[in-house]
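Everything on this sheet refers to the single structure shown next.
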Amino acid sequence: MKFVVTAGPTREYLDPVRFLSNPSTGKMGFAVARVAAMRGHEVVLVAGPVSLKTPKGVRRIDVTSARDMLAAVEEEMAKAKSGKPTIFVATAAVADWRPAKCAPRKLKKGQMSDTLKLVRNPDILKEIGRRTKTAQSPTRPIIHSPTYLVGFAAETNDVIAEARRKCREKNLDMIVANDVTEKGSGFGVDTNRVTLVRKDGSVDRLPLMTKLAVARRIVRECEDLCP
Ligand code: C5P
């Protein structure tokens, strides 16, 4: 199988030295890429700015912004060999907004206003879902191979209900949900307590595990998705 995995944060620059971002370190996505490669799959890791080493056997594409990340994912999904199942695992913490303008030179303090105009970034996972699970747009490359989509949902309340809603809205086969307010879960740490919510509505609550163990479980679930 071919795995396309996104990981880490994105950066949305307002001038060459200032950006909007978040504290994602990429650990979960790098663990998924590492396990998938160890299990003999072809793996492409589309990584935002993180300081982790590329796992063995993984092809890494470094990107900065959400739009760069979408372009890299689209290209990799479209390149999938006809008939070879492709799994898109979206672990990246993509910035939902970007500054409406990016100045070519550093803005002087006097040139900056108190308010920043923002515009929405593309939702990479939703876009790939729309193009693989619903009627495809004629202006975009067509994805030939069977495609399975796995998303992540970091929540602070109503974790399962929110995960089910996102699973439907983004046409996902599975969503990995976690409550980021729980100890040992979320950004930067080596552990995660997640709940798997599948397209058929079934739910598996997993105990607190290392991100590597969570990755093993996710990759196994992905292998089971393919008939
Ligand atoms: O809607 P929400 O941001 O909670 O969805 C999280 C899931 O969607 C994650 O899998 C994340 O990688 C993906 N996502 C994305 N592009 C965005 C926002 C989220 O691919 N702009």
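Here's how to read the names in the structure tokens: chain A, B, ... by the order shown, residue numbers from 1 in each chain, ligand numbers from 1 in the order shown.
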How would you write, as a PyMOL selection string, the set of residues no farther than 9 Å from ligand 1 when counting only C-alpha atoms and all ligand atoms? chain A and resi 6-8+66-67+69-70+89-97+120-128+150-155+162-163+166+170+175-176
Test item, strand (DSSP E) assignment across region 25-208 of chain A, answer as a short mmCIF file (atom, residue, chain, number, x, y, z; two decimals) with N, CA, C and O atoms, in the first residue's frame:
data_model
loop_
_atom_site.label_atom_id
_atom_site.label_comp_id
_atom_site.auth_asym_id
_atom_site.auth_seq_id
_atom_site.Cartn_x
_atom_site.Cartn_y
_atom_site.Cartn_z
N GLU A 42 5.02 1.69 0.97
CA GLU A 42 5.65 2.89 0.40
C GLU A 42 5.12 4.06 1.23
O GLU A 42 3.91 4.18 1.42
N VAL A 43 6.02 4.93 1.72
CA VAL A 43 5.56 6.02 2.60
C VAL A 43 6.11 7.37 2.14
O VAL A 43 7.32 7.52 1.95
N VAL A 44 5.21 8.32 1.97
CA VAL A 44 5.60 9.71 1.70
C VAL A 44 5.12 10.54 2.88
O VAL A 44 3.95 10.49 3.25
N LEU A 45 6.05 11.27 3.49
CA LEU A 45 5.74 12.07 4.66
C LEU A 45 5.81 13.54 4.28
O LEU A 45 6.88 14.04 3.91
N VAL A 46 4.68 14.22 4.33
CA VAL A 46 4.65 15.65 3.99
C VAL A 46 4.69 16.40 5.32
O VAL A 46 3.72 16.38 6.08
N ALA A 47 5.86 17.00 5.60
CA ALA A 47 6.08 17.55 6.95
C ALA A 47 6.15 19.07 6.94
O ALA A 47 6.85 19.66 6.11
N ARG A 59 10.09 8.64 2.32
CA ARG A 59 10.40 9.80 1.47
C ARG A 59 9.72 11.01 2.08
O ARG A 59 8.51 10.97 2.33
N ARG A 60 10.53 12.04 2.37
CA ARG A 60 9.99 13.21 3.08
C ARG A 60 9.93 14.43 2.16
O ARG A 60 10.88 14.71 1.44
N ILE A 61 8.82 15.13 2.22
CA ILE A 61 8.70 16.39 1.48
C ILE A 61 8.45 17.48 2.52
O ILE A 61 7.45 17.41 3.26
N ASP A 62 9.35 18.44 2.61
CA ASP A 62 9.19 19.53 3.58
C ASP A 62 8.36 20.66 2.98
O ASP A 62 8.63 21.08 1.85
N THR A 86 -4.19 3.55 -1.74
CA THR A 86 -3.50 4.68 -1.13
C THR A 86 -4.22 5.07 0.14
O THR A 86 -5.44 5.20 0.16
N ILE A 87 -3.44 5.26 1.19
CA ILE A 87 -4.01 5.66 2.47
C ILE A 87 -3.50 7.06 2.78
O ILE A 87 -2.28 7.27 2.79
N PHE A 88 -4.40 7.97 3.03
CA PHE A 88 -3.98 9.31 3.43
C PHE A 88 -4.24 9.44 4.93
O PHE A 88 -5.38 9.33 5.38
N VAL A 89 -3.17 9.63 5.69
CA VAL A 89 -3.30 9.80 7.14
C VAL A 89 -2.93 11.25 7.46
O VAL A 89 -1.78 11.66 7.32
N ALA A 90 -3.93 12.03 7.87
CA ALA A 90 -3.72 13.46 8.09
C ALA A 90 -3.53 13.73 9.58
O ALA A 90 -4.50 13.85 10.33
N TRP A 97 -6.30 29.39 9.33
CA TRP A 97 -6.34 30.75 8.78
C TRP A 97 -4.95 31.19 8.40
O TRP A 97 -3.96 30.73 8.96
N ARG A 98 -4.86 32.11 7.45
CA ARG A 98 -3.57 32.73 7.12
C ARG A 98 -3.80 34.23 6.96
O ARG A 98 -4.93 34.66 6.66
N PRO A 99 -2.74 35.04 7.14
CA PRO A 99 -2.90 36.47 6.91
C PRO A 99 -3.29 36.72 5.45
O PRO A 99 -2.78 36.05 4.55
N LEU A 118 -7.46 38.10 8.18
CA LEU A 118 -7.16 36.69 7.92
C LEU A 118 -8.08 36.14 6.84
O LEU A 118 -9.20 36.63 6.67
N VAL A 119 -7.60 35.10 6.14
CA VAL A 119 -8.47 34.37 5.21
C VAL A 119 -8.38 32.88 5.53
O VAL A 119 -7.39 32.43 6.11
N ARG A 120 -9.41 32.13 5.17
CA ARG A 120 -9.43 30.70 5.48
C ARG A 120 -8.42 29.94 4.63
O ARG A 120 -8.27 30.22 3.45
N THR A 147 -8.83 4.68 -2.42
CA THR A 147 -8.25 5.59 -1.43
C THR A 147 -8.97 5.46 -0.09
O THR A 147 -10.19 5.39 -0.06
N TYR A 148 -8.18 5.43 0.97
CA TYR A 148 -8.74 5.37 2.32
C TYR A 148 -8.23 6.58 3.09
O TYR A 148 -7.06 6.94 2.96
N LEU A 149 -9.12 7.19 3.84
CA LEU A 149 -8.76 8.43 4.51
C LEU A 149 -8.87 8.30 6.02
O LEU A 149 -9.91 7.86 6.53
N VAL A 150 -7.81 8.71 6.70
CA VAL A 150 -7.81 8.67 8.17
C VAL A 150 -7.48 10.08 8.68
O VAL A 150 -6.46 10.66 8.30
N GLY A 151 -8.37 10.62 9.51
CA GLY A 151 -8.16 11.95 10.06
C GLY A 151 -7.90 11.89 11.55
O GLY A 151 -8.06 10.84 12.19
N PHE A 152 -7.48 13.01 12.09
CA PHE A 152 -7.30 13.15 13.54
C PHE A 152 -8.22 14.26 14.02
O PHE A 152 -8.53 15.18 13.26
N ALA A 153 -8.67 14.18 15.24
CA ALA A 153 -9.51 15.24 15.79
C ALA A 153 -9.06 15.51 17.21
O ALA A 153 -9.19 14.66 18.09
N ALA A 154 -8.48 16.68 17.40
CA ALA A 154 -8.08 17.10 18.75
C ALA A 154 -9.25 17.91 19.31
O ALA A 154 -9.60 18.94 18.75
N GLU A 155 -9.84 17.42 20.38
CA GLU A 155 -11.03 18.08 20.92
C GLU A 155 -10.82 18.42 22.39
O GLU A 155 -9.96 17.86 23.06
N MET A 174 -11.88 6.53 8.85
CA MET A 174 -11.67 6.43 10.31
C MET A 174 -11.15 7.77 10.82
O MET A 174 -10.45 8.49 10.10
N ILE A 175 -11.49 8.08 12.06
CA ILE A 175 -10.93 9.28 12.68
C ILE A 175 -10.36 8.90 14.04
O ILE A 175 -10.93 8.05 14.75
N VAL A 176 -9.21 9.45 14.34
CA VAL A 176 -8.53 9.18 15.60
C VAL A 176 -8.75 10.41 16.46
O VAL A 176 -8.23 11.48 16.15
N ALA A 177 -9.55 10.25 17.52
CA ALA A 177 -9.94 11.42 18.30
C ALA A 177 -9.23 11.42 19.64
O ALA A 177 -9.01 10.36 20.24
N ASN A 178 -8.86 12.59 20.10
CA ASN A 178 -8.35 12.66 21.47
C ASN A 178 -8.77 13.95 22.15
O ASN A 178 -9.06 14.95 21.51
N ASP A 179 -8.85 13.83 23.48
CA ASP A 179 -9.19 14.98 24.31
C ASP A 179 -7.85 15.61 24.72
O ASP A 179 -7.12 15.04 25.52
N THR A 191 3.19 10.36 24.50
CA THR A 191 2.06 9.44 24.69
C THR A 191 0.77 10.07 24.15
O THR A 191 0.72 11.26 23.90
N ASN A 192 -0.23 9.21 24.02
CA ASN A 192 -1.52 9.70 23.54
C ASN A 192 -2.62 8.74 24.02
O ASN A 192 -2.40 7.53 24.08
N VAL A 194 -6.21 7.82 22.76
CA VAL A 194 -7.08 8.11 21.62
C VAL A 194 -8.29 7.18 21.57
O VAL A 194 -8.29 6.11 22.19
N THR A 195 -9.29 7.62 20.83
CA THR A 195 -10.46 6.78 20.54
C THR A 195 -10.57 6.68 19.03
O THR A 195 -10.51 7.70 18.33
N LEU A 196 -10.68 5.44 18.53
CA LEU A 196 -10.85 5.25 17.09
C LEU A 196 -12.34 5.27 16.78
O LEU A 196 -13.11 4.54 17.42
N VAL A 197 -12.75 6.09 15.85
CA VAL A 197 -14.16 6.15 15.43
C VAL A 197 -14.19 5.80 13.95
O VAL A 197 -13.59 6.50 13.14
N ARG A 198 -14.86 4.66 13.62
CA ARG A 198 -14.85 4.22 12.22
C ARG A 198 -16.09 4.70 11.49
O ARG A 198 -17.09 5.08 12.11
N VAL A 203 -16.73 2.24 17.69
CA VAL A 203 -15.81 3.07 18.48
C VAL A 203 -14.90 2.17 19.32
O VAL A 203 -15.35 1.18 19.88
N ASP A 204 -13.61 2.46 19.36
CA ASP A 204 -12.67 1.73 20.23
C ASP A 204 -11.91 2.74 21.07
O ASP A 204 -11.13 3.54 20.54
N ARG A 205 -12.12 2.70 22.39
CA ARG A 205 -11.35 3.59 23.27
C ARG A 205 -10.07 2.88 23.65
O ARG A 205 -10.11 1.81 24.24
#
What's the 6 Å shell around Asp15 (chain A), counting only C-alpha atoms, without same-chain residues fewer than 4 positions away, as a list in words?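 Near neighbours after the sequence-gap exclusion: Cys102, Ala103 and Lys106 of chain A.
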Given only C-alpha atoms as the basis, pick out the residue of A:Asp173, A:Asp190, A:Asp200, A:Glu182 nearest to Cys226 (chain A).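 Closest residue, counting only C-alpha atoms: A:Asp173.
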Could you tell me how far CA of Ala215 (chain A) lies from CA of Pro9 (chain A), in Å and to one decimal? 18.4 Å
Among the residues A:Lys81, A:Leu172, A:Gly57, A:Arg164, the one that comes closest to Arg39 (chain A) [using only C-alpha atoms]: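 Checking each of A:Lys81, A:Leu172, A:Gly57, A:Arg164 against Arg39 (chain A), counting only C-alpha atoms, the winner is A:Gly57.
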Report, in Å with one decimal, the straight-line distance from CA of Pro227 (chain A) to CA of Met1 (chain A).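 It comes out at 11.6 Å.
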Write out as an MDAnalysis selection string the residues lying within 10 Å of region 49-51 of chain A, counting only C-alpha atoms and excluding same-chain residues fewer than 2 positions away. chainID A and resid 7:11 21 23:27 47 53:54 62:65
Please identify which residues in region 126-197 of chain A DSSP calls alpha helix (DSSP H) from the backbone, and express them as a PyMOL selection string. chain A and resi 126-133+159-169
Using only N, CA, C and O atoms, please write the residues we just selected to a file, as a PDB file, in the first residue's frame.
ATOM      1  N   LYS A 126     -10.437  17.457   3.888  1.00  0.00           N
ATOM      2  CA  LYS A 126     -11.775  17.568   3.298  1.00  0.00           C
ATOM      3  C   LYS A 126     -11.680  17.631   1.771  1.00  0.00           C
ATOM      4  O   LYS A 126     -12.467  17.020   1.059  1.00  0.00           O
ATOM      5  N   GLU A 127     -10.678  18.344   1.296  1.00  0.00           N
ATOM      6  CA  GLU A 127     -10.486  18.500  -0.145  1.00  0.00           C
ATOM      7  C   GLU A 127     -10.155  17.144  -0.786  1.00  0.00           C
ATOM      8  O   GLU A 127     -10.717  16.786  -1.820  1.00  0.00           O
ATOM      9  N   ILE A 128      -9.259  16.397  -0.154  1.00  0.00           N
ATOM     10  CA  ILE A 128      -8.902  15.080  -0.708  1.00  0.00           C
ATOM     11  C   ILE A 128     -10.128  14.157  -0.614  1.00  0.00           C
ATOM     12  O   ILE A 128     -10.404  13.388  -1.532  1.00  0.00           O
ATOM     13  N   GLY A 129     -10.903  14.266   0.469  1.00  0.00           N
ATOM     14  CA  GLY A 129     -12.124  13.465   0.625  1.00  0.00           C
ATOM     15  C   GLY A 129     -13.136  13.785  -0.463  1.00  0.00           C
ATOM     16  O   GLY A 129     -13.743  12.896  -1.057  1.00  0.00           O
ATOM     17  N   ARG A 130     -13.285  15.066  -0.743  1.00  0.00           N
ATOM     18  CA  ARG A 130     -14.253  15.485  -1.767  1.00  0.00           C
ATOM     19  C   ARG A 130     -13.849  14.909  -3.123  1.00  0.00           C
ATOM     20  O   ARG A 130     -14.686  14.480  -3.903  1.00  0.00           O
ATOM     21  N   ARG A 131     -12.556  14.872  -3.382  1.00  0.00           N
ATOM     22  CA  ARG A 131     -12.103  14.462  -4.701  1.00  0.00           C
ATOM     23  C   ARG A 131     -11.976  12.965  -4.873  1.00  0.00           C
ATOM     24  O   ARG A 131     -11.905  12.472  -5.985  1.00  0.00           O
ATOM     25  N   THR A 132     -11.921  12.230  -3.751  1.00  0.00           N
ATOM     26  CA  THR A 132     -11.774  10.780  -3.900  1.00  0.00           C
ATOM     27  C   THR A 132     -13.067  10.043  -3.579  1.00  0.00           C
ATOM     28  O   THR A 132     -13.286   8.958  -4.071  1.00  0.00           O
ATOM     29  N   LYS A 133     -13.911  10.639  -2.750  1.00  0.00           N
ATOM     30  CA  LYS A 133     -15.099   9.901  -2.307  1.00  0.00           C
ATOM     31  C   LYS A 133     -16.379  10.463  -2.908  1.00  0.00           C
ATOM     32  O   LYS A 133     -17.448   9.941  -2.688  1.00  0.00           O
ATOM     33  N   VAL A 159     -15.990  14.676  22.633  1.00  0.00           N
ATOM     34  CA  VAL A 159     -14.985  14.108  21.728  1.00  0.00           C
ATOM     35  C   VAL A 159     -15.607  13.172  20.677  1.00  0.00           C
ATOM     36  O   VAL A 159     -15.364  13.328  19.470  1.00  0.00           O
ATOM     37  N   ILE A 160     -16.432  12.217  21.122  1.00  0.00           N
ATOM     38  CA  ILE A 160     -16.961  11.207  20.187  1.00  0.00           C
ATOM     39  C   ILE A 160     -17.958  11.836  19.207  1.00  0.00           C
ATOM     40  O   ILE A 160     -17.896  11.575  17.991  1.00  0.00           O
ATOM     41  N   ALA A 161     -18.855  12.674  19.716  1.00  0.00           N
ATOM     42  CA  ALA A 161     -19.858  13.305  18.843  1.00  0.00           C
ATOM     43  C   ALA A 161     -19.165  14.163  17.779  1.00  0.00           C
ATOM     44  O   ALA A 161     -19.511  14.118  16.590  1.00  0.00           O
ATOM     45  N   GLU A 162     -18.147  14.917  18.189  1.00  0.00           N
ATOM     46  CA  GLU A 162     -17.415  15.769  17.243  1.00  0.00           C
ATOM     47  C   GLU A 162     -16.679  14.908  16.208  1.00  0.00           C
ATOM     48  O   GLU A 162     -16.647  15.234  15.023  1.00  0.00           O
ATOM     49  N   ALA A 163     -16.092  13.810  16.690  1.00  0.00           N
ATOM     50  CA  ALA A 163     -15.342  12.928  15.787  1.00  0.00           C
ATOM     51  C   ALA A 163     -16.294  12.324  14.751  1.00  0.00           C
ATOM     52  O   ALA A 163     -15.961  12.265  13.559  1.00  0.00           O
ATOM     53  N   ARG A 164     -17.467  11.882  15.186  1.00  0.00           N
ATOM     54  CA  ARG A 164     -18.445  11.303  14.241  1.00  0.00           C
ATOM     55  C   ARG A 164     -18.852  12.331  13.193  1.00  0.00           C
ATOM     56  O   ARG A 164     -18.959  12.030  12.010  1.00  0.00           O
ATOM     57  N   ARG A 165     -19.070  13.563  13.650  1.00  0.00           N
ATOM     58  CA  ARG A 165     -19.488  14.616  12.716  1.00  0.00           C
ATOM     59  C   ARG A 165     -18.388  14.860  11.665  1.00  0.00           C
ATOM     60  O   ARG A 165     -18.657  14.920  10.467  1.00  0.00           O
ATOM     61  N   LYS A 166     -17.120  14.935  12.131  1.00  0.00           N
ATOM     62  CA  LYS A 166     -16.014  15.184  11.194  1.00  0.00           C
ATOM     63  C   LYS A 166     -15.825  14.009  10.228  1.00  0.00           C
ATOM     64  O   LYS A 166     -15.490  14.199   9.071  1.00  0.00           O
ATOM     65  N   CYS A 167     -16.036  12.799  10.739  1.00  0.00           N
ATOM     66  CA  CYS A 167     -15.898  11.597   9.915  1.00  0.00           C
ATOM     67  C   CYS A 167     -16.880  11.676   8.735  1.00  0.00           C
ATOM     68  O   CYS A 167     -16.518  11.422   7.588  1.00  0.00           O
ATOM     69  N   ARG A 168     -18.120  12.085   9.031  1.00  0.00           N
ATOM     70  CA  ARG A 168     -19.158  12.227   7.983  1.00  0.00           C
ATOM     71  C   ARG A 168     -18.817  13.391   7.049  1.00  0.00           C
ATOM     72  O   ARG A 168     -18.793  13.241   5.834  1.00  0.00           O
ATOM     73  N   GLU A 169     -18.550  14.553   7.657  1.00  0.00           N
ATOM     74  CA  GLU A 169     -18.338  15.768   6.868  1.00  0.00           C
ATOM     75  C   GLU A 169     -17.142  15.680   5.930  1.00  0.00           C
ATOM     76  O   GLU A 169     -17.138  16.256   4.859  1.00  0.00           O
TER      77      GLU A 169
END
